[in-house]
Structures are given as C-alpha cells and as structure tokens.
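Source file my_file.txt; content: compact mmCIF, C-alpha atoms.
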# COMPACT_ATOMS: atom_id res chain seq x y z
CA MET A 1 36.27 -7.45 9.81
CA LYS A 2 38.79 -9.43 11.87
CA LYS A 3 41.63 -11.59 10.65
CA GLU A 4 41.06 -14.05 7.78
CA VAL A 5 41.05 -17.63 9.05
CA ILE A 6 41.65 -20.70 6.88
CA VAL A 7 39.64 -23.77 7.85
CA ARG A 8 41.54 -26.74 6.38
CA VAL A 9 38.96 -29.48 6.03
CA PHE A 10 41.46 -32.29 5.35
CA ASP A 11 43.35 -31.57 8.56
CA ILE A 12 40.23 -31.31 10.71
CA VAL A 13 38.47 -34.39 9.33
CA GLY A 14 41.78 -36.25 9.37
CA GLY A 15 41.77 -37.53 5.80
CA PRO A 16 40.53 -37.16 2.23
CA LEU A 17 36.97 -38.42 2.78
CA CYS A 18 34.22 -36.03 3.83
CA VAL A 19 31.48 -38.62 3.84
CA SER A 20 29.55 -38.27 7.08
CA ALA A 21 27.22 -35.75 8.67
CA GLU A 22 29.19 -36.25 11.88
CA ASP A 23 32.39 -34.88 10.30
CA GLY A 24 30.36 -32.09 8.71
CA GLN A 25 29.13 -31.12 12.16
CA ILE A 26 32.74 -30.79 13.36
CA ILE A 27 33.47 -28.34 10.53
CA TYR A 28 30.25 -26.42 11.30
CA GLU A 29 31.35 -26.06 14.91
CA LYS A 30 34.61 -24.50 13.70
CA ILE A 31 32.96 -22.13 11.21
CA ALA A 32 29.88 -20.87 13.11
CA PRO A 33 31.78 -19.27 16.04
CA LEU A 34 34.15 -17.57 13.58
CA ILE A 35 31.21 -15.93 11.78
CA ARG A 36 29.76 -14.83 15.10
CA GLN A 37 33.11 -13.26 15.96
CA GLY A 38 33.20 -11.39 12.65
CA HIS A 39 36.07 -13.24 11.00
CA LYS A 40 36.47 -13.78 7.28
CA ILE A 41 36.73 -17.52 6.66
CA VAL A 42 38.30 -19.44 3.81
CA VAL A 43 37.24 -23.09 3.77
CA SER A 44 39.93 -25.06 1.99
CA PHE A 45 39.20 -28.52 0.58
CA ASP A 46 42.80 -29.08 -0.46
CA ARG A 47 43.63 -32.84 -0.61
CA VAL A 48 39.98 -33.80 -0.06
CA GLU A 49 38.93 -36.53 -2.51
CA THR A 50 35.30 -37.28 -1.82
CA ILE A 51 32.55 -35.05 -0.43
CA ILE A 52 28.90 -35.98 -0.02
CA SER A 53 25.80 -33.87 0.48
CA ALA A 54 25.20 -35.00 4.08
CA PHE A 55 28.65 -33.65 5.00
CA LEU A 56 28.02 -30.32 3.25
CA ASN A 57 24.51 -30.03 4.71
CA ALA A 58 25.97 -30.29 8.19
CA ALA A 59 29.12 -28.21 7.60
CA ILE A 60 27.70 -25.39 5.50
CA GLY A 61 23.96 -25.82 4.79
CA GLN A 62 23.26 -25.65 8.49
CA LEU A 63 24.71 -22.13 8.68
CA TYR A 64 21.60 -20.79 6.92
CA GLY A 65 19.59 -21.71 10.02
CA GLU A 66 21.52 -19.21 12.09
CA PHE A 67 22.94 -16.57 9.77
CA THR A 68 21.47 -14.46 6.97
CA GLU A 69 22.51 -15.00 3.36
CA GLU A 70 24.26 -11.61 3.45
CA GLN A 71 26.25 -12.54 6.56
CA ILE A 72 27.34 -15.83 5.02
CA ARG A 73 28.22 -14.28 1.66
CA ALA A 74 30.31 -11.62 3.41
CA SER A 75 32.12 -14.09 5.69
CA ILE A 76 32.82 -17.31 3.80
CA SER A 77 34.61 -18.36 0.68
CA VAL A 78 35.69 -21.80 -0.48
CA ARG A 79 38.75 -22.92 -2.39
CA ASP A 80 40.49 -26.01 -3.74
CA MET A 81 37.24 -27.70 -4.77
CA THR A 82 36.73 -29.63 -7.98
CA ASN A 83 33.95 -28.60 -10.30
CA ILE A 84 31.86 -31.59 -9.22
CA ASP A 85 32.18 -30.66 -5.58
CA LEU A 86 31.42 -27.00 -6.29
CA SER A 87 28.31 -28.07 -8.11
CA LEU A 88 27.22 -30.23 -5.17
CA LEU A 89 27.94 -27.39 -2.73
CA LYS A 90 25.88 -25.00 -4.84
CA ARG A 91 22.93 -27.40 -4.65
CA VAL A 92 23.34 -27.83 -0.92
CA VAL A 93 23.39 -24.06 -0.42
CA ASP A 94 20.36 -23.42 -2.65
CA ASN A 95 18.51 -26.25 -0.93
CA ALA A 96 19.42 -24.96 2.55
CA LYS A 97 18.02 -21.52 1.76
CA VAL A 98 14.69 -23.08 0.80
CA TYR A 99 14.78 -25.58 3.69
CA PHE A 100 15.09 -22.89 6.35
CA LYS A 101 12.51 -20.64 4.69
CA ASN A 102 9.92 -23.41 4.66
CA LYS A 103 10.93 -25.27 7.78
CA PRO A 104 7.72 -26.29 9.53
CA SER A 105 7.50 -26.42 13.27
CA PHE A 106 7.92 -29.97 14.47
CA ASP A 107 7.22 -29.15 18.06
CA GLN A 108 3.73 -30.50 17.51
CA ALA A 109 2.96 -34.05 18.54
CA TRP A 110 4.83 -36.56 16.42
CA LYS A 111 2.34 -38.99 14.96
CA GLU A 112 3.78 -42.49 14.92
CA GLU A 113 2.99 -44.75 12.00
CA LEU A 114 -0.03 -46.94 12.66
CA GLY A 115 -0.31 -50.47 11.35
CA ASP A 116 1.76 -52.40 8.87
CA GLU A 117 -0.46 -52.37 5.81
CA GLU A 118 0.32 -50.62 2.54
CA MET B 1 11.85 -75.00 7.24
CA ILE B 2 13.27 -75.48 3.75
CA TYR B 3 13.21 -72.58 1.32
CA TYR B 4 13.91 -73.32 -2.33
CA LEU B 5 15.67 -70.27 -3.66
CA PRO B 6 14.99 -69.66 -7.37
CA THR B 7 17.39 -68.04 -9.84
CA ILE B 8 18.34 -64.62 -8.56
CA HIS B 9 19.16 -61.65 -10.78
CA SER B 10 19.23 -57.96 -9.85
CA HIS B 11 15.75 -57.65 -11.29
CA HIS B 12 12.31 -57.18 -9.88
CA ASP B 13 11.86 -60.97 -9.60
CA GLY B 14 15.10 -61.42 -7.69
CA PHE B 15 14.13 -58.85 -5.09
CA GLU B 16 10.64 -60.32 -4.90
CA SER B 17 12.21 -63.70 -4.04
CA MET B 18 14.23 -62.12 -1.24
CA ALA B 19 11.09 -60.50 0.16
CA ASN B 20 9.25 -63.79 -0.19
CA LEU B 21 11.95 -65.61 1.78
CA ALA B 22 11.60 -62.96 4.51
CA SER B 23 7.80 -63.36 4.66
CA GLU B 24 7.93 -67.16 4.68
CA SER B 25 10.44 -67.26 7.50
CA LYS B 26 8.94 -64.43 9.52
CA GLU B 27 7.37 -66.65 12.18
CA LEU B 28 10.33 -69.02 12.47
CA LEU B 29 11.68 -69.03 16.03
CA PHE B 30 14.37 -71.21 17.72
CA ASP B 31 14.31 -73.37 14.62
CA LYS B 32 16.28 -73.96 11.43
CA LEU B 33 16.17 -72.36 7.98
CA GLU B 34 17.60 -74.45 5.18
CA ILE B 35 18.13 -72.45 2.00
CA ASP B 36 18.11 -74.95 -0.81
CA PHE B 37 19.85 -73.74 -3.97
CA SER B 38 18.89 -76.76 -6.14
CA ARG B 39 16.41 -74.64 -8.15
CA CYS B 40 18.76 -71.68 -8.44
CA ARG B 41 20.39 -71.64 -11.90
CA PHE B 42 22.25 -68.36 -11.51
CA PHE B 43 22.89 -65.89 -8.73
CA ASP B 44 24.02 -62.29 -9.38
CA ALA B 45 26.85 -61.95 -6.88
CA ASN B 46 25.85 -58.48 -5.64
CA MET B 47 22.47 -59.92 -4.57
CA ALA B 48 24.30 -61.57 -1.67
CA ALA B 49 23.79 -58.27 0.18
CA PRO B 50 19.96 -58.30 0.29
CA LEU B 51 19.98 -62.07 0.89
CA ALA B 52 22.31 -61.63 3.85
CA ALA B 53 20.09 -58.92 5.34
CA VAL B 54 17.10 -61.27 5.22
CA ILE B 55 19.12 -64.14 6.69
CA ALA B 56 20.39 -61.87 9.48
CA GLY B 57 16.78 -61.18 10.45
CA VAL B 58 16.05 -64.92 10.57
CA ALA B 59 19.18 -65.58 12.63
CA ASP B 60 18.16 -62.79 14.97
CA ASN B 61 15.15 -64.93 15.92
CA LEU B 62 17.63 -67.53 17.17
CA ASN B 63 17.28 -69.82 14.17
CA SER B 64 20.18 -71.71 12.64
CA ILE B 65 20.87 -71.22 8.93
CA GLU B 66 22.15 -73.75 6.46
CA ILE B 67 22.85 -73.40 2.76
CA VAL B 68 22.50 -76.64 0.80
CA ASN B 69 22.52 -78.13 -2.71
CA ILE B 70 24.41 -75.27 -4.24
CA SER B 71 25.77 -75.84 -7.75
CA THR B 72 29.52 -75.70 -8.31
CA SER B 73 29.33 -72.57 -10.45
CA ILE B 74 27.23 -70.56 -7.95
CA GLU B 75 29.32 -71.89 -5.09
CA ARG B 76 32.44 -70.51 -6.79
CA ILE B 77 30.86 -67.07 -7.18
CA LEU B 78 29.69 -66.92 -3.59
CA ARG B 79 32.95 -68.26 -2.19
CA LYS B 80 34.88 -65.71 -4.23
CA ASN B 81 32.85 -62.87 -2.80
CA ARG B 82 33.10 -64.43 0.67
CA PHE B 83 29.37 -64.60 1.27
CA LEU B 84 29.56 -68.35 1.93
CA GLU B 85 32.33 -67.99 4.48
CA ASN B 86 29.72 -67.63 7.23
CA TYR B 87 28.17 -70.96 6.27
CA GLY B 88 31.14 -73.25 6.50
CA TYR B 89 32.70 -72.69 3.06
CA THR B 90 36.25 -71.44 2.63
CA ALA B 91 36.84 -68.33 0.55
CA LEU B 92 38.27 -68.60 -2.96
CA GLU B 93 40.80 -66.17 -4.31
CA ASP B 94 39.34 -63.66 -6.75
CA THR B 95 42.00 -64.03 -9.41
CA ASN B 96 40.14 -61.91 -12.00
CA ARG B 97 39.64 -59.10 -9.49
CA THR B 98 35.98 -58.69 -10.41
CA THR B 99 34.54 -59.04 -6.93
CA ILE B 100 33.73 -56.45 -4.32
CA PRO B 101 33.44 -58.86 -1.43
CA PHE B 102 30.45 -59.24 0.82
CA GLN B 103 30.73 -57.36 4.08
CA ARG B 104 28.43 -56.81 7.04
CA LEU B 105 28.97 -53.61 9.00
CA GLN B 106 27.28 -51.83 11.85
CA LEU B 107 25.88 -48.34 11.27
CA SER B 108 28.62 -46.99 13.52
CA ASP B 109 31.32 -48.58 11.33
CA GLY B 110 31.64 -45.60 8.97
CA GLY B 111 35.43 -45.77 9.13
CA ARG B 112 35.48 -49.46 8.17
CA PHE B 113 33.12 -48.78 5.29
CA GLU B 114 35.46 -46.04 4.05
CA ASP B 115 38.42 -48.45 4.16
CA TYR B 116 36.38 -51.12 2.41
CA ILE B 117 35.39 -48.83 -0.47
CA GLN B 118 38.83 -47.26 -0.82
CA TYR B 119 40.46 -50.68 -0.95
CA HIS B 120 38.06 -52.72 -3.05
CA LEU B 121 37.00 -50.18 -5.64
CA LYS B 122 40.56 -49.82 -6.86
CA GLY B 123 41.15 -51.62 -10.09
CA LYS B 124 37.50 -52.37 -10.78
CA GLY B 125 36.89 -51.39 -14.37
CA ILE B 126 40.05 -49.33 -14.31
CA PRO B 127 41.69 -48.44 -16.67
CA ASP B 128 38.32 -48.43 -18.46
CA MET B 129 36.70 -46.30 -15.79
CA SER B 130 38.02 -42.75 -15.86
CA GLU B 131 39.31 -41.15 -12.68
CA GLY B 132 36.48 -38.62 -12.71
CA LEU B 133 33.84 -41.30 -13.03
CA GLY B 134 35.46 -43.28 -10.23
CA ARG B 135 35.19 -40.22 -8.01
CA ILE B 136 31.50 -39.60 -8.66
CA PHE B 137 30.71 -43.28 -8.22
CA LYS B 138 32.49 -43.33 -4.88
CA GLN B 139 30.62 -40.18 -3.88
CA SER B 140 27.31 -41.88 -4.79
CA ILE B 141 28.12 -44.96 -2.71
CA PHE B 142 28.93 -42.84 0.32
CA GLU B 143 25.68 -40.89 -0.21
CA VAL B 144 23.76 -44.16 0.00
CA PHE B 145 25.70 -45.40 3.04
CA GLN B 146 25.10 -42.13 4.88
CA ASN B 147 21.38 -42.37 4.09
CA VAL B 148 21.34 -45.82 5.69
CA VAL B 149 23.15 -44.45 8.75
CA ILE B 150 20.81 -41.48 9.15
CA HIS B 151 17.46 -43.01 8.24
CA SER B 152 17.35 -46.80 8.49
CA GLY B 153 17.62 -47.45 12.23
CA SER B 154 18.92 -50.88 11.17
CA ARG B 155 19.80 -52.81 14.30
CA LEU B 156 21.18 -55.58 12.10
CA GLY B 157 23.60 -53.26 10.37
CA VAL B 158 24.29 -52.79 6.70
CA PHE B 159 25.19 -55.45 4.13
CA VAL B 160 27.26 -54.58 1.10
CA CYS B 161 28.46 -56.50 -1.91
CA GLY B 162 29.42 -55.74 -5.48
CA GLN B 163 30.39 -57.30 -8.76
CA PHE B 164 32.17 -56.05 -11.85
CA TYR B 165 30.99 -57.50 -15.16
CA PRO B 166 33.94 -56.72 -17.50
CA ASN B 167 32.26 -57.89 -20.70
CA LEU B 168 29.22 -55.72 -20.08
CA GLN B 169 31.35 -52.87 -18.69
CA ARG B 170 29.00 -52.69 -15.73
CA LEU B 171 29.75 -52.47 -12.04
CA ASP B 172 27.00 -53.23 -9.52
CA LEU B 173 27.22 -52.28 -5.88
CA THR B 174 24.40 -53.15 -3.55
CA LEU B 175 23.72 -51.96 -0.02
CA ALA B 176 20.98 -53.56 2.04
CA ASP B 177 19.77 -52.90 5.55
CA GLY B 178 17.32 -54.46 7.95
CA GLY B 179 15.81 -51.14 8.96
CA VAL B 180 12.38 -49.55 9.10
CA GLY B 181 12.12 -48.81 5.37
CA MET B 182 11.55 -45.46 3.70
CA ARG B 183 7.79 -45.77 4.15
CA THR B 184 7.91 -45.43 7.95
CA ASN B 185 10.09 -42.31 7.84
CA VAL B 186 7.98 -40.64 5.15
CA ARG B 187 4.71 -41.55 6.95
CA ASN B 188 5.97 -40.11 10.22
CA TYR B 189 7.12 -36.97 8.46
CA LEU B 190 4.06 -36.34 6.27
CA LYS B 191 1.63 -37.71 8.85
CA GLN B 192 -0.05 -39.64 6.03
CA ASN B 193 -0.19 -43.36 5.37
CA VAL B 194 1.63 -43.33 2.04
CA SER B 195 2.50 -46.64 0.33
CA SER B 196 6.09 -47.86 -0.03
CA VAL B 197 6.15 -46.91 -3.70
CA GLU B 198 4.83 -43.42 -2.94
CA ALA B 199 7.43 -43.08 -0.17
CA ILE B 200 10.30 -43.93 -2.56
CA ARG B 201 9.01 -41.51 -5.21
CA TRP B 202 8.60 -38.79 -2.59
CA ALA B 203 12.12 -39.26 -1.25
CA LEU B 204 13.62 -38.98 -4.74
CA MET B 205 12.29 -35.47 -5.30
CA GLN B 206 14.65 -32.52 -4.97
CA GLY B 207 14.52 -30.95 -1.50
CA HIS B 208 12.45 -33.74 0.03
CA THR B 209 13.84 -34.97 3.30
CA THR B 210 12.44 -36.47 6.46
CA LYS B 211 15.11 -34.69 8.47
CA THR B 212 13.60 -32.09 10.80
CA GLY B 213 16.63 -30.84 12.70
CA SER B 214 19.14 -28.11 12.05
CA GLN B 215 20.86 -29.94 9.19
CA PRO B 216 19.03 -29.67 5.86
CA GLY B 217 18.71 -32.64 3.48
CA GLY B 218 17.11 -33.75 0.25
CA VAL B 219 20.02 -33.38 -2.16
CA GLY B 220 21.72 -36.79 -2.08
CA LEU B 221 19.19 -38.95 -3.90
CA THR B 222 18.54 -36.34 -6.59
CA PHE B 223 22.29 -36.13 -7.18
CA LEU B 224 22.40 -39.91 -7.46
CA LYS B 225 19.61 -40.03 -10.00
CA GLU B 226 21.21 -37.33 -12.15
CA PHE B 227 24.53 -39.13 -12.08
CA ILE B 228 22.89 -42.40 -13.13
CA THR B 229 21.07 -40.60 -15.96
CA SER B 230 24.25 -39.09 -17.32
CA ASN B 231 26.23 -42.30 -16.85
CA GLU B 232 23.51 -44.43 -18.49
CA GLY B 233 23.58 -46.68 -15.48
CA LYS B 234 20.80 -48.07 -13.35
CA ILE B 235 19.47 -47.52 -9.87
CA GLN B 236 17.15 -49.88 -8.08
CA ILE B 237 15.54 -49.21 -4.73
CA VAL B 238 13.57 -51.78 -2.82
CA SER B 239 12.01 -50.69 0.41
CA ARG B 240 9.38 -52.78 2.17
CA GLN B 241 6.72 -53.40 -0.50
CA GLY B 242 8.06 -50.85 -2.94
CA PHE B 243 10.23 -51.58 -5.98
CA TYR B 244 11.68 -48.72 -7.99
CA GLU B 245 14.02 -48.87 -10.97
CA PHE B 246 15.45 -46.05 -13.02
CA GLN B 247 17.31 -46.80 -16.23
CA SER B 248 17.64 -45.10 -19.62
CA GLY B 249 15.40 -42.24 -18.53
CA LYS B 250 12.59 -44.63 -17.64
CA GLU B 251 11.17 -45.26 -14.19
CA GLU B 252 9.52 -48.53 -13.27
CA VAL B 253 7.65 -48.97 -10.03
CA PHE B 254 5.86 -51.97 -8.62
CA LYS B 255 4.13 -52.83 -5.44
CA MET B 256 5.85 -56.04 -4.40
CA GLU B 257 3.79 -59.00 -3.29
CA SER B 258 5.92 -59.59 -0.21
CA ASP B 259 7.37 -57.23 2.34
CA TYR B 260 11.17 -56.84 2.22
CA PRO B 261 12.28 -56.19 5.81
CA GLY B 262 14.32 -53.02 5.16
CA THR B 263 15.76 -51.15 2.19
CA VAL B 264 18.08 -52.16 -0.64
CA VAL B 265 19.81 -49.81 -3.05
CA ASN B 266 21.58 -51.23 -6.06
CA LEU B 267 23.72 -48.91 -8.16
CA GLU B 268 24.83 -50.15 -11.53
CA ILE B 269 27.27 -47.97 -13.38
CA ASN B 270 28.48 -48.00 -16.92
CA THR B 271 32.25 -48.16 -16.45
CA ALA B 272 32.96 -47.16 -20.06
CA ASP B 273 31.41 -43.73 -19.52
CA THR B 274 33.86 -40.92 -20.22
CA LYS B 275 31.43 -38.03 -20.63
CA THR B 276 29.78 -37.62 -17.20
CA TYR B 277 32.74 -35.93 -15.59
CA ARG B 278 33.42 -33.69 -18.58
CA LEU B 279 29.84 -32.49 -18.91
CA MET B 280 29.62 -30.95 -15.46
CA PRO B 281 28.76 -27.22 -15.75
CA GLU B 282 31.54 -24.84 -14.78
CA ILE B 283 30.78 -23.22 -11.44
CA SER B 284 32.73 -20.37 -9.96
CA PRO B 285 33.50 -20.45 -6.23
CA GLU B 286 32.34 -16.81 -6.20
CA ASP B 287 28.78 -17.82 -7.11
CA ILE B 288 28.10 -20.33 -4.37
CA PHE B 289 26.64 -18.36 -1.49

As structure tokens - that is how I would like this structure written.
Amino acid sequence: MKKEVIVRVFDIVGGPLCVSAEDGQIIYEKIAPLIRQGHKIVVSFDRVETIISAFLNAAIGQLYGEFTEEQIRASISVRDMTNIDLSLLKRVVDNAKVYFKNKPSFDQAWKEELGDEE
Amino acid sequence: MIYYLPTIHSHHDGFESMANLASESKELLFDKLEIDFSRCRFFDANMAAPLAAVIAGVADNLNSIEIVNISTSIERILRKNRFLENYGYTALEDTNRTTIPFQRLQLSDGGRFEDYIQYHLKGKGIPDMSEGLGRIFKQSIFEVFQNVVIHSGSRLGVFVCGQFYPNLQRLDLTLADGGVGMRTNVRNYLKQNVSSVEAIRWALMQGHTTKTGSQPGGVGLTFLKEFITSNEGKIQIVSRQGFYEFQSGKEEVFKMESDYPGTVVNLEINTADTKTYRLMPEISPEDIF
C-alpha cells in the first residue's frame, strides 16, 4: 500500500456546506484515482457543517460502481464526522451496494411518457 | 381574467386552490391575470412559494399580473416576506424576525440558495431550536433543493418561502418549482403510467430513485420522512395531481381535482424538539464500508 493521503473535504469544496451532487463529484474525482493507484485514503470532514445524501452518493456511493466492497474497505476511512452524518453515510453506502447489484441496463429504448392524464 | 383567491392555508384545500388557479389560467395568452384577494381571509405566508410558481407560469405566457383588493393584514404579511415587492408594493421590515423571505432562484443558483438558508435560518426559533435540530433541518432543506435541481427540469426556477410561528413552535419552509412533476420521472423510469399519488408514494420508498447513471440515489426522501417522524413535524408534497401529507405517523393522500404545474414540498418542523438529535444511534466510523 502506498502513502496515506488525507482528502480534506472542506478545503476542496471551499466551505462548510456539502449540499450538491456537483461538489460530491469533485470529491469522487479526487478519491477514485487514489484507490486505483493503491493509496490509503482518509476522508476528513473537519469543519464541514452540512452534508446531504446527494453529495455522499456522488462522492462515495458512486465508488461501488467501480470498486469492490473489499477494495473500498481496505482503502478508505472517514473522520471528523458527526453521528448524524455517519448515519447518513452508512445509509448511502448500504444503498449504493444494493443499487449497483440491481442496476438494470438502461441502454434499451427510453419510453417517453405519453399523454397528460392521470 | 379575474381569479378570486380564497383563504389559503398549508392544507390540502390551499394547494388545491393553487392548482385551480393554474388550470383556470392555463390558456391565458398575451392577456392579464388579476388575482383578487377580497375573498381571502388569511394567507399562510409560506404559501407564497407555490403561488409564485403558478404566477411565474402565467407570466411566462406573456400575461401581466396584478394583485388587487388585498386586506391590510394579509398585505402586511406578504410585504414583510417580500412576496408583494414584485407587484408594486414596498417591503416592510420584519421586526419580529419570523419571516424567511420569499425568493425566486434558478436551478443553477445553488450558491445563492446556500447563502439564503445560512442567513435567514439564523435566529428562527432559536434559542428554542437546539443546534442539533437546526443542523438536521438545514440538511433536510438542502436535500429537497437538490432534488429539485436534479429532477424537476424547472425552466422557471425554484420558489422558496418560510414562516416561523413562535406561539405554535412551528417553522414552515416551502419550496415550489414549475417542473415536470414526480409523475413524469417515475413514469419514464418504470415505463408504466402511474398516477401522481402513486409516483409520490413510490419515490418515498427507501432505495427508490429515478436516477440511472453512475451516482446512486433514493436515500434523501426516506431520511426526510424519518426526521419528520422523530421531530413530530409535518411534510407535504404536492406534485401535479397528487397530494401527500405525513404527520404524526399518519399518511394522507388525495388525487387533486386540478393539476398543479410542478412540485411543492412543505416542511414543517417542531422547533421545541430536543430529542431528535440525541436519539440518533451511535455509529462507528469503522463500520461504514
């Protein structure tokens, strides 16, 4: 395993609010290459005040689409999170595991909604 | 055309009136909509958000809008929360600090929404509202906003407004959009013609999301519902012809008579709640992945 890297969410997002999928994507793009390179990653939420599920889905949930649970467990740890945020992250992670196991193929034709009636 | 707006509360009837206004004015083009408040005895201030979303749709059809015959007491409320500023009324200072003013934002205005919430939520219900509760409430509001950004496709933007009722120890915050409604997204995803009510119920279930890309979803609304349960608050969702309300462990759903042109989410929290934050189960960072 290579050097341990700390990903400081506050510094990357530029403030205490982690409230968009867009910002989550930025964090994902920092973390994913580090896993591929075999680093150990500590994601620090120090000074972060508010985190929502869409942010965590993008930043961390998305990793389960590319890496195995074992790879993720061996590479990532989190710190400086409140109990509320840990609980939300746990849900996001559990949900992501199921999401990628059951993900249907949407390459098939997309059927547009027909009509306006209920 | 003249539309006589009845009394508007954050209840099923109030939302039905908003949807009715939208249906009645649907065909209006290059014309004028006069909203007559003479039959309106009370107006819950946070309901300015869904009203504004409907009016924005009417204005988008190049109609002029006028608000007339408004009683002094309702006028005060709607000048304090700045809703009436767009219709020729000056704003009044909110001396009691109970208002979360009306604001219209574009979906790309995430940063402005963050500033708005950070600034206006301060002091509302505090010191009654504990710091922990304030945090979860803020989290819930951002969950809703992000849902609007991801799913609504609202060309008209998002409309937000709130009101603190100190005597009731309740804080309402309402977000409305002029988007496609939950029904369209769920229909496209399931490839079934589900009703608006079915679409709302479907979206509220754990793990259900209409997202199909690399980012999972389906956690936000479940989180919201659990928070509201623990807080003994209320959540109302109106989307197209669907009305959903969850309060005190009870769900109420109706098919609305008229079609609301988008989605509204109203969160009402009990600001006196001190237990929600404390009751969260202890989770170790070691047990996450």

- Considering only C-alpha atoms, return as a PyMOL selection string whatever protein or nucleic-acid residues lie within 7 Å of range 89-92 of chain B, sequence-local ones (same chain, fewer than 5 positions apart) excluded. chain B and resi 79-80+82+84

Kindly save the residues from that selection, with C-alpha atoms included, as an mmCIF file, in the coordinates of the input.
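And here's selection.cif as it stands now:
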data_model
loop_
_atom_site.group_PDB
_atom_site.id
_atom_site.type_symbol
_atom_site.label_atom_id
_atom_site.label_comp_id
_atom_site.auth_asym_id
_atom_site.auth_seq_id
_atom_site.Cartn_x
_atom_site.Cartn_y
_atom_site.Cartn_z
ATOM 1 C CA ARG B 79 32.950 -68.260 -2.190
ATOM 2 C CA LYS B 80 34.880 -65.710 -4.230
ATOM 3 C CA ARG B 82 33.100 -64.430 0.670
ATOM 4 C CA LEU B 84 29.560 -68.350 1.930
#

Extract, using only C-alpha atoms, all DNA, RNA and protein residues at most 12 Å from Phe55 in chain A, discarding same-chain residues fewer than 2 positions from it, and format them as a tab-separated table (two decimals) with C-alpha atoms, in the frame of the given file.
chain	number	residue	atom	x	y	z
A	9	VAL	CA	38.96	-29.48	6.03
A	13	VAL	CA	38.47	-34.39	9.33
A	17	LEU	CA	36.97	-38.42	2.78
A	18	CYS	CA	34.22	-36.03	3.83
A	19	VAL	CA	31.48	-38.62	3.84
A	20	SER	CA	29.55	-38.27	7.08
A	21	ALA	CA	27.22	-35.75	8.67
A	22	GLU	CA	29.19	-36.25	11.88
A	23	ASP	CA	32.39	-34.88	10.30
A	24	GLY	CA	30.36	-32.09	8.71
A	25	GLN	CA	29.13	-31.12	12.16
A	26	ILE	CA	32.74	-30.79	13.36
A	27	ILE	CA	33.47	-28.34	10.53
A	28	TYR	CA	30.25	-26.42	11.30
A	50	THR	CA	35.30	-37.28	-1.82
A	51	ILE	CA	32.55	-35.05	-0.43
A	52	ILE	CA	28.90	-35.98	-0.02
A	53	SER	CA	25.80	-33.87	0.48
A	57	ASN	CA	24.51	-30.03	4.71
A	58	ALA	CA	25.97	-30.29	8.19
A	59	ALA	CA	29.12	-28.21	7.60
A	60	ILE	CA	27.70	-25.39	5.50
A	61	GLY	CA	23.96	-25.82	4.79
A	62	GLN	CA	23.26	-25.65	8.49
A	85	ASP	CA	32.18	-30.66	-5.58
A	88	LEU	CA	27.22	-30.23	-5.17
A	89	LEU	CA	27.94	-27.39	-2.73
A	92	VAL	CA	23.34	-27.83	-0.92
B	139	GLN	CA	30.62	-40.18	-3.88
B	142	PHE	CA	28.93	-42.84	0.32
B	143	GLU	CA	25.68	-40.89	-0.21
B	146	GLN	CA	25.10	-42.13	4.88
B	147	ASN	CA	21.38	-42.37	4.09
B	150	ILE	CA	20.81	-41.48	9.15
B	215	GLN	CA	20.86	-29.94	9.19
B	216	PRO	CA	19.03	-29.67	5.86
B	217	GLY	CA	18.71	-32.64	3.48
B	219	VAL	CA	20.02	-33.38	-2.16
B	220	GLY	CA	21.72	-36.79	-2.08

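Using all atoms listed in the file for every distance, the candidate list A:Gln37, A:Ser44, A:Asn95, A:Gln71 yields A:Asn95 as the residue closest to chain B.
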
So that each row is one residue of chain B with an atom at most 8 Å from chain A, can you give its shortest atom pair and the distance in Å to one decimal, using only C-alpha atoms, rows by chain and rising number, as CSV?
residue,atom,partner,partner_atom,distance
B:Gly110,CA,A:Ser20,CA,7.9
B:Glu114,CA,A:Leu17,CA,7.9
B:Arg135,CA,A:Thr50,CA,6.9
B:Lys138,CA,A:Thr50,CA,7.3
B:Gln139,CA,A:Thr50,CA,5.9
B:Ser140,CA,A:Ile52,CA,7.8
B:Phe142,CA,A:Val19,CA,6.1
B:Glu143,CA,A:Ile52,CA,5.9
B:Gln146,CA,A:Ser20,CA,6.3
B:Thr184,CA,A:Glu113,CA,6.4
B:Arg187,CA,A:Glu113,CA,6.2
B:Asn188,CA,A:Glu112,CA,5.7
B:Lys191,CA,A:Lys111,CA,6.3
B:Asn193,CA,A:Glu113,CA,7.5
B:Val194,CA,A:Glu118,CA,7.4
B:Ser195,CA,A:Glu118,CA,5.0
B:Ser196,CA,A:Glu118,CA,6.9
B:Gly207,CA,A:Asn95,CA,6.2
B:Thr212,CA,A:Phe106,CA,7.1
B:Ser214,CA,A:Gln62,CA,6.0
B:Gln215,CA,A:Gln62,CA,5.0
B:Pro216,CA,A:Asn57,CA,5.6
B:Gly217,CA,A:Asn57,CA,6.5
B:Gly218,CA,A:Asn95,CA,7.7
B:Val219,CA,A:Ser53,CA,6.4
B:Gly220,CA,A:Ser53,CA,5.6
B:Phe223,CA,A:Leu88,CA,7.9
B:Gln241,CA,A:Glu118,CA,7.6
B:Tyr277,CA,A:Ile84,CA,7.8
B:Met280,CA,A:Ile84,CA,6.7
B:Pro281,CA,A:Asn83,CA,7.7
B:Glu282,CA,A:Asn83,CA,6.3
B:Ile283,CA,A:Asn83,CA,6.3
B:Ser284,CA,A:Leu86,CA,7.7
B:Pro285,CA,A:Val78,CA,6.3
B:Glu286,CA,A:Ser77,CA,7.4
B:Ile288,CA,A:Lys90,CA,5.2
B:Phe289,CA,A:Arg73,CA,5.4

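The environment of Val149 in chain B within 10 Å, counting only C-alpha atoms and disregarding residues fewer than 3 places along the same chain, consists of A:Ser20, A:Ala21, B:Gln106, B:Leu107, B:Ser108, B:Asp109, B:Gly110, B:Glu143, B:Val144, B:Phe145, B:Gln146, B:Ser152, B:Gly153, B:Ser154, B:Gly157, B:Val158, B:Asp177, B:Gly179.
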
- Query: Which value, in Å to one decimal, gives the distance between CA of Gly15 in chain A and CA of Lys2 in chain A?
  - Reply: 28.9 Å

- Task: In the coordinates of the file, take the point (20.5, -72.8, 11.2) and a cut-off of 7 Å; then, counting all atoms listed in the file, name each qualifying protein, DNA or RNA residue as a ChimeraX atom specification.
- Result: /B:32-34,63-66

- Within 7 Å of Gly262 in chain B, counting only C-alpha atoms, which residues qualify if same-chain residues fewer than 6 places away don't, as a count of residues only? 7

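Taking CA of Pro6 in chain B and CA of Pro261 in chain B as the two end points, the separation is 19.0 Å.
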
- Message: Would you pick out the contacts of range 224-232 of chain B at 12 Å or less, using only C-alpha atoms, so that residues sharing its chain but fewer than 6 positions from it are not included, and give the list as a VMD selection string?
- Response: (chain A and resid 52 to 53 84 88) or (chain B and resid 129 to 130 132 to 144 147 169 to 171 201 203 to 206 218 244 to 251 265 to 280)
